[in-house]
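What follows is a set of notes on a single structure, which appears directly below.
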Amino acid sequence: MIEFKITNSEAVTLLTEKMRLELDLRKEEKQAPQWAELENLSFKELLKLAETASFDLIATLPPEFILEENNLDHIILNAMITLGNKYSKEQFNLYTLRRANNLIKPLKDLFNRSGSMRVFTQN
């Protein structure tokens with residue numbers, strides 16, 4: 001098992017920064033209003049942004065880290081709950097480990113189907 005050694009505080013900081021970048025991109029593409037900030041988004045909008053940012057961060061990891069048993073789902077779960085506290089969105093307390101796993105699953109499936117573990121480990 002690969003155990004990622006990252007504090008919850010560090011995970012939330014990474015997630016928040018990625019969310020800010022994603023929100024800025026959405027503003028440029030006119031998919032979000034120019035006045036929008038993380039602090040004034042609804043729970044639904046903040047959740048969508050947080051999950052997109054989480055997926056993007058996970059996708060930057062080497063495939064072998066994603067395919068091996070790891071603790072990414074627990075890191076995501078704890079970060080989401082803390083994020084909810086940070087932005088006063090109590091609904092984040094209902095975030096589940098299953099939902100965190102669902103963020104990782106498409107990447108696992110992709111790497112398993114493509115056999116990319118062999119391809120990427122040769123690079």
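Residues in the structure tokens are named by chain (A, B, ... in the order shown) and by number from 1 within that chain; ligands are numbered from 1 in the order shown.
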
>> Write out as a PyMOL selection string the set of residues from segment 18-109 of chain A that DSSP, computed on the backbone, places in helix (DSSP H, G or I).
In response: chain A and resi 18-28+38-40+43-59+63-67+72-86+90-94+97-109

Write the residues of the selection above to a file with C-alpha atoms, as an mmCIF file, in the first residue's frame.
```
data_model
loop_
_atom_site.group_PDB
_atom_site.id
_atom_site.type_symbol
_atom_site.label_atom_id
_atom_site.label_comp_id
_atom_site.auth_asym_id
_atom_site.auth_seq_id
_atom_site.Cartn_x
_atom_site.Cartn_y
_atom_site.Cartn_z
ATOM 1 C CA LYS A 18 -6.574 24.534 -7.519
ATOM 2 C CA MET A 19 -10.182 25.593 -6.973
ATOM 3 C CA ARG A 20 -9.207 29.268 -7.304
ATOM 4 C CA LEU A 21 -7.408 28.521 -10.579
ATOM 5 C CA GLU A 22 -10.410 26.575 -11.867
ATOM 6 C CA LEU A 23 -12.791 29.377 -10.907
ATOM 7 C CA ASP A 24 -10.581 31.920 -12.702
ATOM 8 C CA LEU A 25 -10.639 29.734 -15.827
ATOM 9 C CA ARG A 26 -14.409 29.506 -15.638
ATOM 10 C CA LYS A 27 -14.637 33.285 -15.347
ATOM 11 C CA GLU A 28 -12.460 33.692 -18.450
ATOM 12 C CA LEU A 38 -15.097 30.772 -3.442
ATOM 13 C CA GLU A 39 -16.537 32.436 -0.348
ATOM 14 C CA ASN A 40 -19.867 33.309 -2.003
ATOM 15 C CA PHE A 43 -22.795 24.457 -1.750
ATOM 16 C CA LYS A 44 -23.561 22.822 -5.101
ATOM 17 C CA GLU A 45 -21.180 25.125 -7.001
ATOM 18 C CA LEU A 46 -18.442 24.771 -4.393
ATOM 19 C CA LEU A 47 -18.784 20.974 -4.378
ATOM 20 C CA LYS A 48 -18.544 20.786 -8.160
ATOM 21 C CA LEU A 49 -15.465 23.007 -8.111
ATOM 22 C CA ALA A 50 -13.883 21.003 -5.268
ATOM 23 C CA GLU A 51 -14.432 17.684 -7.015
ATOM 24 C CA THR A 52 -13.080 19.017 -10.306
ATOM 25 C CA ALA A 53 -10.003 20.348 -8.537
ATOM 26 C CA SER A 54 -9.532 17.056 -6.654
ATOM 27 C CA PHE A 55 -9.756 15.056 -9.868
ATOM 28 C CA ASP A 56 -7.249 17.371 -11.571
ATOM 29 C CA LEU A 57 -4.789 17.029 -8.702
ATOM 30 C CA ILE A 58 -5.107 13.237 -8.656
ATOM 31 C CA ALA A 59 -4.653 13.085 -12.433
ATOM 32 C CA PRO A 63 -0.367 5.947 -12.783
ATOM 33 C CA GLU A 64 1.329 3.419 -10.507
ATOM 34 C CA PHE A 65 0.418 5.600 -7.497
ATOM 35 C CA ILE A 66 -3.222 5.629 -8.540
ATOM 36 C CA LEU A 67 -3.408 1.916 -9.367
ATOM 37 C CA LEU A 72 -6.125 9.066 -1.467
ATOM 38 C CA ASP A 73 -9.809 8.509 -0.734
ATOM 39 C CA HIS A 74 -9.267 9.271 2.963
ATOM 40 C CA ILE A 75 -7.249 12.378 2.109
ATOM 41 C CA ILE A 76 -10.037 13.607 -0.180
ATOM 42 C CA LEU A 77 -12.729 12.866 2.406
ATOM 43 C CA ASN A 78 -10.926 14.749 5.182
ATOM 44 C CA ALA A 79 -10.090 17.654 2.892
ATOM 45 C CA MET A 80 -13.723 17.977 1.766
ATOM 46 C CA ILE A 81 -15.004 18.045 5.334
ATOM 47 C CA THR A 82 -12.412 20.649 6.308
ATOM 48 C CA LEU A 83 -13.238 22.660 3.199
ATOM 49 C CA GLY A 84 -16.877 22.698 4.275
ATOM 50 C CA ASN A 85 -15.882 24.071 7.669
ATOM 51 C CA LYS A 86 -13.652 26.674 6.041
ATOM 52 C CA GLU A 90 -22.221 22.068 6.656
ATOM 53 C CA GLN A 91 -23.353 19.811 3.806
ATOM 54 C CA PHE A 92 -19.698 18.837 3.259
ATOM 55 C CA ASN A 93 -19.927 16.887 6.540
ATOM 56 C CA LEU A 94 -22.090 14.409 4.617
ATOM 57 C CA LEU A 97 -15.619 7.785 1.326
ATOM 58 C CA ARG A 98 -17.602 6.200 -1.506
ATOM 59 C CA ARG A 99 -17.945 9.572 -3.232
ATOM 60 C CA ALA A 100 -14.199 10.166 -2.821
ATOM 61 C CA ASN A 101 -13.541 6.746 -4.384
ATOM 62 C CA ASN A 102 -15.782 7.696 -7.297
ATOM 63 C CA LEU A 103 -13.418 10.573 -8.093
ATOM 64 C CA ILE A 104 -10.471 8.183 -8.363
ATOM 65 C CA LYS A 105 -12.238 5.310 -10.128
ATOM 66 C CA PRO A 106 -12.307 6.793 -13.676
ATOM 67 C CA LEU A 107 -8.534 7.220 -13.609
ATOM 68 C CA LYS A 108 -8.006 3.697 -12.266
ATOM 69 C CA ASP A 109 -10.267 2.327 -14.985
#
```

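Here atom CA of Ser9 of chain A is placed at a distance of 17.6 Å from atom CA of Tyr95 of chain A.
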
> Of the candidates A:Ser88, A:Ser114, A:Asn8, A:Thr96, which one gets nearest to Ser42 of chain A if we count only C-alpha atoms?
Replying inline: A:Ser88
